[in-house]
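Enquirer: Structure: data-v3.cif, mmCIF, C-alpha atoms and all ligand atoms; chains and numbers go by the auth columns.
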```cif
data_entry
loop_
_atom_site.group_PDB
_atom_site.id
_atom_site.type_symbol
_atom_site.label_atom_id
_atom_site.label_comp_id
_atom_site.label_asym_id
_atom_site.label_seq_id
_atom_site.Cartn_x
_atom_site.Cartn_y
_atom_site.Cartn_z
_atom_site.B_iso_or_equiv
_atom_site.auth_seq_id
_atom_site.auth_asym_id
ATOM 1 C CA MET A 1 0.000 0.000 0.000 0.00 1 A
ATOM 2 C CA ARG A 2 1.342 3.392 -1.012 0.00 2 A
ATOM 3 C CA PHE A 3 -0.125 6.490 0.613 0.00 3 A
ATOM 4 C CA THR A 4 1.565 9.873 0.905 0.00 4 A
ATOM 5 C CA VAL A 5 0.761 12.696 3.276 0.00 5 A
ATOM 6 C CA ALA A 6 2.416 15.999 2.327 0.00 6 A
ATOM 7 C CA ILE A 7 2.732 18.621 5.065 0.00 7 A
ATOM 8 C CA ASP A 8 4.069 22.036 4.117 0.00 8 A
ATOM 9 C CA GLY A 9 4.173 25.406 5.789 0.00 9 A
ATOM 10 C CA PRO A 10 6.391 28.181 7.153 0.00 10 A
ATOM 11 C CA ALA A 11 9.127 27.883 9.769 0.00 11 A
ATOM 12 C CA ALA A 12 8.212 26.419 13.143 0.00 12 A
ATOM 13 C CA ALA A 13 4.536 25.979 12.271 0.00 13 A
ATOM 14 C CA GLY A 14 4.346 22.582 13.988 0.00 14 A
ATOM 15 C CA LYS A 15 4.711 20.458 10.841 0.00 15 A
ATOM 16 C CA GLY A 16 7.014 18.024 12.637 0.00 16 A
ATOM 17 C CA THR A 17 4.689 17.541 15.620 0.00 17 A
ATOM 18 C CA ILE A 18 1.724 16.933 13.337 0.00 18 A
ATOM 19 C CA GLY A 19 3.739 14.746 10.952 0.00 19 A
ATOM 20 C CA ARG A 20 5.028 12.491 13.721 0.00 20 A
ATOM 21 C CA ALA A 21 1.555 12.103 15.229 0.00 21 A
ATOM 22 C CA VAL A 22 -0.058 11.265 11.872 0.00 22 A
ATOM 23 C CA ALA A 23 2.707 8.765 11.106 0.00 23 A
ATOM 24 C CA ALA A 24 2.289 7.075 14.502 0.00 24 A
ATOM 25 C CA ARG A 25 -1.510 6.906 14.161 0.00 25 A
ATOM 26 C CA PHE A 26 -1.488 5.282 10.699 0.00 26 A
ATOM 27 C CA GLY A 27 1.777 3.343 10.942 0.00 27 A
ATOM 28 C CA PHE A 28 3.440 5.441 8.220 0.00 28 A
ATOM 29 C CA ALA A 29 7.119 6.378 8.029 0.00 29 A
ATOM 30 C CA HIS A 30 7.921 10.058 8.621 0.00 30 A
ATOM 31 C CA LEU A 31 10.578 12.223 6.956 0.00 31 A
ATOM 32 C CA ASP A 32 11.402 15.737 8.166 0.00 32 A
ATOM 33 C CA THR A 33 12.805 17.020 4.856 0.00 33 A
ATOM 34 C CA GLY A 34 14.052 20.201 6.543 0.00 34 A
ATOM 35 C CA LEU A 35 16.751 18.084 8.162 0.00 35 A
ATOM 36 C CA LEU A 36 18.227 17.344 4.725 0.00 36 A
ATOM 37 C CA TYR A 37 18.593 21.070 4.006 0.00 37 A
ATOM 38 C CA ARG A 38 19.886 21.692 7.519 0.00 38 A
ATOM 39 C CA ALA A 39 22.530 18.971 7.048 0.00 39 A
ATOM 40 C CA VAL A 40 23.651 20.567 3.779 0.00 40 A
ATOM 41 C CA GLY A 41 23.683 23.990 5.478 0.00 41 A
ATOM 42 C CA ALA A 42 25.779 22.635 8.358 0.00 42 A
ATOM 43 C CA ARG A 43 28.371 21.301 5.929 0.00 43 A
ATOM 44 C CA VAL A 44 28.487 24.661 4.143 0.00 44 A
ATOM 45 C CA LEU A 45 29.144 26.325 7.517 0.00 45 A
ATOM 46 C CA ARG A 46 32.145 23.970 7.750 0.00 46 A
ATOM 47 C CA GLY A 47 33.450 25.263 4.420 0.00 47 A
ATOM 48 C CA GLU A 48 32.032 22.939 1.755 0.00 48 A
ATOM 49 C CA ARG A 49 30.338 23.916 -1.503 0.00 49 A
ATOM 50 C CA ALA A 50 26.560 23.521 -1.156 0.00 50 A
ATOM 51 C CA ALA A 51 26.004 21.412 -4.282 0.00 51 A
ATOM 52 C CA ASP A 52 28.904 19.084 -3.372 0.00 52 A
ATOM 53 C CA ALA A 53 27.515 18.641 0.144 0.00 53 A
ATOM 54 C CA ALA A 54 24.019 17.868 -1.186 0.00 54 A
ATOM 55 C CA LEU A 55 25.341 15.313 -3.685 0.00 55 A
ATOM 56 C CA SER A 56 27.379 13.479 -1.062 0.00 56 A
ATOM 57 C CA LEU A 57 24.924 13.559 1.861 0.00 57 A
ATOM 58 C CA THR A 58 24.867 10.297 3.849 0.00 58 A
ATOM 59 C CA PRO A 59 22.775 8.981 6.775 0.00 59 A
ATOM 60 C CA ASN A 60 25.726 9.940 8.945 0.00 60 A
ATOM 61 C CA ASP A 61 24.999 13.625 8.261 0.00 61 A
ATOM 62 C CA LEU A 62 21.578 13.138 9.896 0.00 62 A
ATOM 63 C CA ALA A 63 22.763 10.999 12.811 0.00 63 A
ATOM 64 C CA ASP A 64 22.431 13.821 15.369 0.00 64 A
ATOM 65 C CA PRO A 65 19.240 15.717 14.439 0.00 65 A
ATOM 66 C CA ASP A 66 19.345 17.946 17.520 0.00 66 A
ATOM 67 C CA ALA A 67 22.723 19.315 16.421 0.00 67 A
ATOM 68 C CA LEU A 68 20.976 20.433 13.209 0.00 68 A
ATOM 69 C CA ARG A 69 18.031 22.005 15.006 0.00 69 A
ATOM 70 C CA THR A 70 19.832 25.255 15.821 0.00 70 A
ATOM 71 C CA PRO A 71 19.052 28.749 14.517 0.00 71 A
ATOM 72 C CA GLU A 72 22.450 28.826 12.722 0.00 72 A
ATOM 73 C CA ALA A 73 21.752 25.586 10.831 0.00 73 A
ATOM 74 C CA ALA A 74 18.230 26.830 10.022 0.00 74 A
ATOM 75 C CA GLN A 75 19.545 30.027 8.408 0.00 75 A
ATOM 76 C CA ALA A 76 22.231 28.093 6.533 0.00 76 A
ATOM 77 C CA ALA A 77 19.539 25.635 5.368 0.00 77 A
ATOM 78 C CA SER A 78 17.308 28.331 3.930 0.00 78 A
ATOM 79 C CA LYS A 79 20.307 29.841 2.097 0.00 79 A
ATOM 80 C CA VAL A 80 21.294 26.559 0.428 0.00 80 A
ATOM 81 C CA ALA A 81 17.615 25.797 -0.264 0.00 81 A
ATOM 82 C CA VAL A 82 17.480 28.526 -2.955 0.00 82 A
ATOM 83 C CA ILE A 83 20.122 26.690 -5.038 0.00 83 A
ATOM 84 C CA PRO A 84 18.468 24.544 -7.744 0.00 84 A
ATOM 85 C CA GLU A 85 21.378 22.008 -7.793 0.00 85 A
ATOM 86 C CA VAL A 86 20.904 21.420 -4.064 0.00 86 A
ATOM 87 C CA ARG A 87 17.156 20.818 -4.451 0.00 87 A
ATOM 88 C CA ASP A 88 17.768 18.521 -7.432 0.00 88 A
ATOM 89 C CA ALA A 89 20.288 16.448 -5.501 0.00 89 A
ATOM 90 C CA LEU A 90 17.761 15.820 -2.713 0.00 90 A
ATOM 91 C CA LEU A 91 14.766 15.108 -4.955 0.00 91 A
ATOM 92 C CA ASP A 92 15.128 11.389 -5.709 0.00 92 A
ATOM 93 C CA PHE A 93 15.631 10.413 -2.084 0.00 93 A
ATOM 94 C CA GLN A 94 12.504 12.301 -1.017 0.00 94 A
ATOM 95 C CA ARG A 95 10.385 10.851 -3.845 0.00 95 A
ATOM 96 C CA ALA A 96 11.534 7.312 -3.100 0.00 96 A
ATOM 97 C CA PHE A 97 10.686 7.835 0.567 0.00 97 A
ATOM 98 C CA ALA A 98 7.239 9.179 -0.354 0.00 98 A
ATOM 99 C CA HIS A 99 6.435 6.116 -2.460 0.00 99 A
ATOM 100 C CA ARG A 100 7.602 3.511 0.016 0.00 100 A
ATOM 101 C CA ILE A 101 5.259 0.661 0.725 0.00 101 A
ATOM 102 C CA GLY A 102 3.408 1.127 3.996 0.00 102 A
ATOM 103 C CA GLY A 103 2.762 4.846 3.616 0.00 103 A
ATOM 104 C CA ALA A 104 4.781 7.986 4.263 0.00 104 A
ATOM 105 C CA VAL A 105 4.435 11.440 5.765 0.00 105 A
ATOM 106 C CA LEU A 106 6.854 14.113 4.556 0.00 106 A
ATOM 107 C CA ASP A 107 7.031 17.614 5.938 0.00 107 A
ATOM 108 C CA GLY A 108 8.751 20.577 4.316 0.00 108 A
ATOM 109 C CA ARG A 109 8.026 23.494 1.995 0.00 109 A
ATOM 110 C CA ASP A 110 7.510 21.962 -1.472 0.00 110 A
ATOM 111 C CA ILE A 111 6.201 18.471 -0.735 0.00 111 A
ATOM 112 C CA GLY A 112 2.666 18.977 -2.052 0.00 112 A
ATOM 113 C CA THR A 113 3.776 21.146 -4.982 0.00 113 A
ATOM 114 C CA VAL A 114 7.037 19.624 -6.286 0.00 114 A
ATOM 115 C CA ILE A 115 8.090 16.438 -4.483 0.00 115 A
ATOM 116 C CA CYS A 116 4.680 14.698 -4.370 0.00 116 A
ATOM 117 C CA PRO A 117 2.112 16.586 -6.419 0.00 117 A
ATOM 118 C CA GLY A 118 0.030 13.393 -6.385 0.00 118 A
ATOM 119 C CA ALA A 119 -0.005 12.996 -2.582 0.00 119 A
ATOM 120 C CA GLU A 120 -3.281 11.583 -1.285 0.00 120 A
ATOM 121 C CA VAL A 121 -3.468 14.200 1.482 0.00 121 A
ATOM 122 C CA LYS A 122 -1.910 17.672 1.469 0.00 122 A
ATOM 123 C CA LEU A 123 -1.846 19.940 4.479 0.00 123 A
ATOM 124 C CA PHE A 124 -0.503 23.480 4.719 0.00 124 A
ATOM 125 C CA VAL A 125 0.159 24.196 8.386 0.00 125 A
ATOM 126 C CA THR A 126 0.606 27.804 9.376 0.00 126 A
ATOM 127 C CA ALA A 127 0.313 30.260 12.295 0.00 127 A
ATOM 128 C CA SER A 128 1.237 33.896 12.902 0.00 128 A
ATOM 129 C CA ALA A 129 4.978 34.611 12.963 0.00 129 A
ATOM 130 C CA GLU A 130 4.724 35.656 16.628 0.00 130 A
ATOM 131 C CA VAL A 131 3.052 32.403 17.680 0.00 131 A
ATOM 132 C CA ARG A 132 5.560 30.337 15.706 0.00 132 A
ATOM 133 C CA ALA A 133 8.507 32.238 17.182 0.00 133 A
ATOM 134 C CA ARG A 134 7.147 31.712 20.706 0.00 134 A
ATOM 135 C CA ARG A 135 6.762 27.957 20.129 0.00 135 A
ATOM 136 C CA ARG A 136 10.256 27.658 18.628 0.00 136 A
ATOM 137 C CA LEU A 137 11.710 29.700 21.495 0.00 137 A
ATOM 138 C CA ASP A 138 10.137 27.323 24.057 0.00 138 A
ATOM 139 C CA GLU A 139 11.510 24.322 22.135 0.00 139 A
ATOM 140 C CA LEU A 140 15.051 25.742 21.986 0.00 140 A
ATOM 141 C CA LEU A 141 15.016 26.841 25.633 0.00 141 A
ATOM 142 C CA LEU A 142 13.878 23.356 26.693 0.00 142 A
ATOM 143 C CA ARG A 143 16.885 21.956 24.879 0.00 143 A
ATOM 144 C CA GLY A 144 19.133 24.321 26.826 0.00 144 A
ATOM 145 C CA LEU A 145 20.017 26.739 24.015 0.00 145 A
ATOM 146 C CA ASP A 146 20.710 30.359 24.902 0.00 146 A
ATOM 147 C CA VAL A 147 18.255 32.258 22.645 0.00 147 A
ATOM 148 C CA GLU A 148 15.942 35.256 22.860 0.00 148 A
ATOM 149 C CA TYR A 149 12.435 35.768 21.503 0.00 149 A
ATOM 150 C CA GLN A 150 13.402 38.686 19.266 0.00 150 A
ATOM 151 C CA SER A 151 16.175 36.798 17.475 0.00 151 A
ATOM 152 C CA VAL A 152 13.975 33.726 17.005 0.00 152 A
ATOM 153 C CA LEU A 153 11.247 35.949 15.513 0.00 153 A
ATOM 154 C CA GLU A 154 13.796 37.530 13.164 0.00 154 A
ATOM 155 C CA ASP A 155 15.052 34.077 12.105 0.00 155 A
ATOM 156 C CA VAL A 156 11.516 32.891 11.376 0.00 156 A
ATOM 157 C CA ARG A 157 10.672 36.034 9.374 0.00 157 A
ATOM 158 C CA ALA A 158 13.929 36.016 7.381 0.00 158 A
ATOM 159 C CA ARG A 159 13.477 32.352 6.440 0.00 159 A
ATOM 160 C CA ASP A 160 9.794 32.788 5.562 0.00 160 A
ATOM 161 C CA THR A 161 10.683 35.600 3.152 0.00 161 A
ATOM 162 C CA ARG A 162 13.594 33.690 1.577 0.00 162 A
ATOM 163 C CA ASP A 163 11.546 30.469 1.316 0.00 163 A
ATOM 164 C CA ALA A 164 8.484 32.166 -0.184 0.00 164 A
ATOM 165 C CA GLU A 165 10.350 34.388 -2.640 0.00 165 A
ATOM 166 C CA ARG A 166 12.881 31.973 -4.136 0.00 166 A
ATOM 167 C CA ALA A 167 12.485 31.092 -7.812 0.00 167 A
ATOM 168 C CA THR A 168 12.779 27.306 -7.452 0.00 168 A
ATOM 169 C CA ALA A 169 10.138 25.405 -5.477 0.00 169 A
ATOM 170 C CA PRO A 170 8.993 28.363 -3.376 0.00 170 A
ATOM 171 C CA MET A 171 6.973 27.737 -0.232 0.00 171 A
ATOM 172 C CA ILE A 172 3.328 27.966 -1.238 0.00 172 A
ATOM 173 C CA ALA A 173 0.184 25.993 -0.424 0.00 173 A
ATOM 174 C CA ALA A 174 -0.760 23.529 -3.173 0.00 174 A
ATOM 175 C CA THR A 175 -4.128 24.471 -4.680 0.00 175 A
ATOM 176 C CA ASP A 176 -5.595 21.216 -3.318 0.00 176 A
ATOM 177 C CA ALA A 177 -4.078 21.524 0.182 0.00 177 A
ATOM 178 C CA LEU A 178 -6.132 21.883 3.354 0.00 178 A
ATOM 179 C CA THR A 179 -4.794 24.894 5.278 0.00 179 A
ATOM 180 C CA LEU A 180 -4.610 24.570 9.057 0.00 180 A
ATOM 181 C CA ASP A 181 -4.034 27.891 10.804 0.00 181 A
ATOM 182 C CA THR A 182 -2.900 26.806 14.250 0.00 182 A
ATOM 183 C CA SER A 183 -2.431 30.331 15.700 0.00 183 A
ATOM 184 C CA GLU A 184 -5.226 29.708 18.173 0.00 184 A
ATOM 185 C CA MET A 185 -5.235 25.922 18.158 0.00 185 A
ATOM 186 C CA SER A 186 -3.618 23.582 20.667 0.00 186 A
ATOM 187 C CA ALA A 187 -1.201 20.945 19.372 0.00 187 A
ATOM 188 C CA GLU A 188 -3.840 18.309 20.221 0.00 188 A
ATOM 189 C CA ALA A 189 -6.504 20.087 18.170 0.00 189 A
ATOM 190 C CA ALA A 190 -4.146 20.510 15.209 0.00 190 A
ATOM 191 C CA ILE A 191 -3.178 16.830 15.357 0.00 191 A
ATOM 192 C CA ALA A 192 -6.846 15.805 15.537 0.00 192 A
ATOM 193 C CA ALA A 193 -7.667 17.930 12.467 0.00 193 A
ATOM 194 C CA ALA A 194 -4.774 16.408 10.522 0.00 194 A
ATOM 195 C CA ILE A 195 -5.726 12.863 11.519 0.00 195 A
ATOM 196 C CA ALA A 196 -9.330 13.520 10.464 0.00 196 A
ATOM 197 C CA ALA A 197 -8.140 14.735 7.041 0.00 197 A
ATOM 198 C CA VAL A 198 -6.053 11.588 6.546 0.00 198 A
ATOM 199 C CA ALA A 199 -8.760 9.260 7.892 0.00 199 A
ATOM 200 C CA ALA A 200 -11.210 10.679 5.334 0.00 200 A
ATOM 201 C CA LYS A 201 -8.985 9.278 2.569 0.00 201 A
ATOM 202 C CA HIS A 202 -7.515 6.220 4.267 0.00 202 A
ATOM 203 C CA SER A 203 -9.245 3.441 6.164 0.00 203 A
ATOM 204 C CA ALA A 204 -7.017 1.934 8.861 0.00 204 A
HETATM 205 O O1 LIG B . 11.620 23.314 11.503 0.00 301 B
HETATM 206 P P1 LIG B . 11.476 24.561 10.647 0.00 301 B
HETATM 207 O O2 LIG B . 10.104 24.688 10.079 0.00 301 B
HETATM 208 O O3 LIG B . 11.945 25.796 11.336 0.00 301 B
HETATM 209 O O4 LIG B . 12.510 24.390 9.431 0.00 301 B
HETATM 210 P P2 LIG B . 12.864 23.091 8.587 0.00 301 B
HETATM 211 O O5 LIG B . 11.625 22.413 8.117 0.00 301 B
HETATM 212 O O6 LIG B . 13.838 22.264 9.344 0.00 301 B
HETATM 213 O O7 LIG B . 13.582 23.703 7.294 0.00 301 B
HETATM 214 C C1 LIG B . 14.767 24.469 7.360 0.00 301 B
HETATM 215 C C2 LIG B . 14.901 25.217 6.036 0.00 301 B
HETATM 216 O O8 LIG B . 15.097 24.250 4.992 0.00 301 B
HETATM 217 C C3 LIG B . 13.689 26.022 5.599 0.00 301 B
HETATM 218 O O9 LIG B . 13.692 27.345 6.087 0.00 301 B
HETATM 219 C C4 LIG B . 13.764 25.967 4.079 0.00 301 B
HETATM 220 O O10 LIG B . 14.582 26.985 3.561 0.00 301 B
HETATM 221 C C5 LIG B . 14.457 24.644 3.800 0.00 301 B
HETATM 222 N N1 LIG B . 13.522 23.610 3.312 0.00 301 B
HETATM 223 C C6 LIG B . 13.139 23.637 1.995 0.00 301 B
HETATM 224 O O11 LIG B . 13.517 24.532 1.252 0.00 301 B
HETATM 225 N N2 LIG B . 12.350 22.642 1.478 0.00 301 B
HETATM 226 C C7 LIG B . 11.911 21.657 2.275 0.00 301 B
HETATM 227 N N3 LIG B . 11.153 20.682 1.737 0.00 301 B
HETATM 228 C C8 LIG B . 12.250 21.630 3.637 0.00 301 B
HETATM 229 C C9 LIG B . 13.067 22.633 4.139 0.00 301 B
#
```
Show me the file's structure as structure tokens.
Ligand code: CDP

Expert:
Amino acid sequence: MRFTVAIDGPAAAGKGTIGRAVAARFGFAHLDTGLLYRAVGARVLRGERAADAALSLTPNDLADPDALRTPEAAQAASKVAVIPEVRDALLDFQRAFAHRIGGAVLDGRDIGTVICPGAEVKLFVTASAEVRARRRLDELLLRGLDVEYQSVLEDVRARDTRDAERATAPMIAATDALTLDTSEMSAEAAIAAAIAAVAAKHSA
């Protein structure tokens, strides 16, 4: 059985939380595609060329996801994400993951538009920049990082602009995506809405 759930949306909108919950509920595999771009960005911060890093990415580059979930890696990710060669290099892996037997959830920016235009379910998860920055701040503080609200908000805004305005695979809701604005929704309510959307198309 092949079944793909595409979850897109701006920075720190809760795509990962929703994606993991949907995957657990339906027994699907989950891929946080942002980690691929973060891993490329991290290698660029260490002095590599972006396209070379993307072409030679290995599971080892993703072995410590928390090390990639920093504001520095996020900014570096959104800078390499504008480069068409980088996106091309990561395309086949993401498509193969999406079509795996047993079902898959992918979250990112261009899953419903470019990676899996035929996905059975497409969600576009969003919230105000202030709410997203607050949630990301709480996440980073819990992990012991030394960050401030204002700089997290600036990071979120800078990435949103770069991601939405790039020429290749810009962040945009697919025309057939269900938009979930979670500004005033709890994580539980957002997860329930996403599960309901998947359940409407999938019986398990
Ligand atoms: O977790 P958060 O939403 O803050 O970011 P992420 O999903 O880890 O993505 C980091 C960056 O990678 C984004 O700002 C995008 O520039 C880029 N990205 C992308 O271009 N396409 C994707 N499918 C996923 C991420």

Enquirer: Set the distance at 10 Å and use all atoms listed in the file: which residues neighbour Val114 of chain A once local chain neighbours fewer than 3 positions away are removed? I'd like the list as a PyMOL selection string.

Expert: chain A and resi 91+95+109-111+117-118+168-170+174

Enquirer: Please provide as a list in words all residues within 10 Å of Ala11 of chain A, with the sequence filter that same-chain residues fewer than 3 positions apart are discarded (counting all atoms listed in the file).

Expert: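 Counting all atoms listed in the file, the residues come to Asp8, Gly14, Lys15, Gly34, Ala74, Gly108, Arg109, Val125, Thr126, Ala127, Ala129, Arg132, Ala133, Arg136, Asp155, Val156, Arg157, Ala158, Arg159, Asp160 and Asp163 of chain A.
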
Enquirer: Could you spell out the hits of the PyMOL selection byres (((chain A and resi 41) around 9) and not hetatm) on the shown file, as a ChimeraX atom specification?

Expert: /A:36-40,42-46,50,53,68,72-81

Enquirer: Run the PyMOL selection byres (((chain A and resi 23-29) around 8) and not hetatm) mentally over the shown coordinates, then write out the matched residues as a list in words, using the chain letters and numbers from the document.

Expert: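 Applying the PyMOL selection byres (((chain A and resi 23-29) around 8) and not hetatm) to the structure shown produces Gly19, Arg20, Ala21, Val22, His30, Leu31, Gly102, Gly103, Ala104, Val105, Ile195 and Ala204 of chain A.
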
Enquirer: Let me know the centre plus edge lengths, in Å and rounded to one decimal, of a box with edges along x, y and z that contains all listed atoms of ligand LIG 301 (chain B) and is padded by 6 Å on every side, as JSON.

Expert:
```
{"center_x": 12.6, "center_y": 24.0, "center_z": 6.4, "size_x": 17.0, "size_y": 18.7, "size_z": 22.3}
```

Enquirer: Assuming the chain letters and numbering stay as they are in my file, what does the PyMOL selection byres (((chain A and resi 2) around 9) and not hetatm) actually select? List them as a list of chain:residue names.

Expert: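 Those residues are A:Met1, A:Phe3, A:Thr4, A:Ala98, A:His99, A:Arg100, A:Ile101, A:Gly102, A:Gly103, A:Ala104.
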
Enquirer: Name the closest residue to Ala197 of chain A among the candidates A:Pro84, A:Phe124, A:Leu62, A:Leu178; distances are taken between atoms, counting all atoms listed in the file.

Expert: A:Leu178

Enquirer: Just how far from atom CA of Leu35 of chain A is atom CA of Leu180 of chain A, in Å to one decimal?

Expert: 22.3 Å

Enquirer: Counting only C-alpha atoms and all ligand atoms, which of A:Val198, A:Val147, A:Met171, A:Ala67 gets nearest to ligand LIG 301 (chain B)?

Expert: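 Smallest distance to ligand LIG 301 (chain B) is found for A:Met171.
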
Enquirer: Copy segment 128-141 of chain A out of the block into a file, keeping N, CA, C and O atoms, as a PDB file, in the first residue's frame.

Expert:
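Output file out_23.pdb follows:
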```
ATOM      1  N   SER A 128       0.595  32.582  12.979  1.00  0.00           N
ATOM      2  CA  SER A 128       1.237  33.896  12.902  1.00  0.00           C
ATOM      3  C   SER A 128       2.724  33.749  13.233  1.00  0.00           C
ATOM      4  O   SER A 128       3.125  32.830  13.961  1.00  0.00           O
ATOM      5  N   ALA A 129       3.530  34.674  12.710  1.00  0.00           N
ATOM      6  CA  ALA A 129       4.978  34.611  12.963  1.00  0.00           C
ATOM      7  C   ALA A 129       5.264  34.693  14.458  1.00  0.00           C
ATOM      8  O   ALA A 129       6.161  34.007  14.965  1.00  0.00           O
ATOM      9  N   GLU A 130       4.491  35.488  15.177  1.00  0.00           N
ATOM     10  CA  GLU A 130       4.724  35.656  16.628  1.00  0.00           C
ATOM     11  C   GLU A 130       4.464  34.344  17.377  1.00  0.00           C
ATOM     12  O   GLU A 130       5.232  33.960  18.260  1.00  0.00           O
ATOM     13  N   VAL A 131       3.380  33.685  17.024  1.00  0.00           N
ATOM     14  CA  VAL A 131       3.052  32.403  17.680  1.00  0.00           C
ATOM     15  C   VAL A 131       4.116  31.362  17.342  1.00  0.00           C
ATOM     16  O   VAL A 131       4.593  30.622  18.220  1.00  0.00           O
ATOM     17  N   ARG A 132       4.548  31.332  16.111  1.00  0.00           N
ATOM     18  CA  ARG A 132       5.560  30.337  15.706  1.00  0.00           C
ATOM     19  C   ARG A 132       6.885  30.615  16.421  1.00  0.00           C
ATOM     20  O   ARG A 132       7.560  29.692  16.869  1.00  0.00           O
ATOM     21  N   ALA A 133       7.247  31.892  16.508  1.00  0.00           N
ATOM     22  CA  ALA A 133       8.507  32.238  17.182  1.00  0.00           C
ATOM     23  C   ALA A 133       8.442  31.844  18.654  1.00  0.00           C
ATOM     24  O   ALA A 133       9.421  31.346  19.220  1.00  0.00           O
ATOM     25  N   ARG A 134       7.312  32.053  19.289  1.00  0.00           N
ATOM     26  CA  ARG A 134       7.147  31.712  20.706  1.00  0.00           C
ATOM     27  C   ARG A 134       7.294  30.196  20.896  1.00  0.00           C
ATOM     28  O   ARG A 134       7.986  29.734  21.793  1.00  0.00           O
ATOM     29  N   ARG A 135       6.672  29.425  20.014  1.00  0.00           N
ATOM     30  CA  ARG A 135       6.762  27.957  20.129  1.00  0.00           C
ATOM     31  C   ARG A 135       8.194  27.479  19.909  1.00  0.00           C
ATOM     32  O   ARG A 135       8.691  26.609  20.622  1.00  0.00           O
ATOM     33  N   ARG A 136       8.876  28.072  18.897  1.00  0.00           N
ATOM     34  CA  ARG A 136      10.256  27.658  18.628  1.00  0.00           C
ATOM     35  C   ARG A 136      11.168  28.061  19.783  1.00  0.00           C
ATOM     36  O   ARG A 136      12.049  27.298  20.173  1.00  0.00           O
ATOM     37  N   LEU A 137      10.913  29.251  20.345  1.00  0.00           N
ATOM     38  CA  LEU A 137      11.710  29.700  21.495  1.00  0.00           C
ATOM     39  C   LEU A 137      11.584  28.681  22.631  1.00  0.00           C
ATOM     40  O   LEU A 137      12.591  28.257  23.215  1.00  0.00           O
ATOM     41  N   ASP A 138      10.365  28.278  22.960  1.00  0.00           N
ATOM     42  CA  ASP A 138      10.137  27.323  24.057  1.00  0.00           C
ATOM     43  C   ASP A 138      10.887  26.020  23.795  1.00  0.00           C
ATOM     44  O   ASP A 138      11.495  25.440  24.695  1.00  0.00           O
ATOM     45  N   GLU A 139      10.836  25.572  22.527  1.00  0.00           N
ATOM     46  CA  GLU A 139      11.510  24.322  22.135  1.00  0.00           C
ATOM     47  C   GLU A 139      13.026  24.434  22.354  1.00  0.00           C
ATOM     48  O   GLU A 139      13.654  23.542  22.924  1.00  0.00           O
ATOM     49  N   LEU A 140      13.598  25.560  21.902  1.00  0.00           N
ATOM     50  CA  LEU A 140      15.051  25.742  21.986  1.00  0.00           C
ATOM     51  C   LEU A 140      15.487  25.915  23.435  1.00  0.00           C
ATOM     52  O   LEU A 140      16.511  25.375  23.852  1.00  0.00           O
ATOM     53  N   LEU A 141      14.676  26.640  24.216  1.00  0.00           N
ATOM     54  CA  LEU A 141      15.016  26.841  25.633  1.00  0.00           C
ATOM     55  C   LEU A 141      14.987  25.507  26.380  1.00  0.00           C
ATOM     56  O   LEU A 141      15.858  25.223  27.198  1.00  0.00           O
TER      57      LEU A 141
END
```
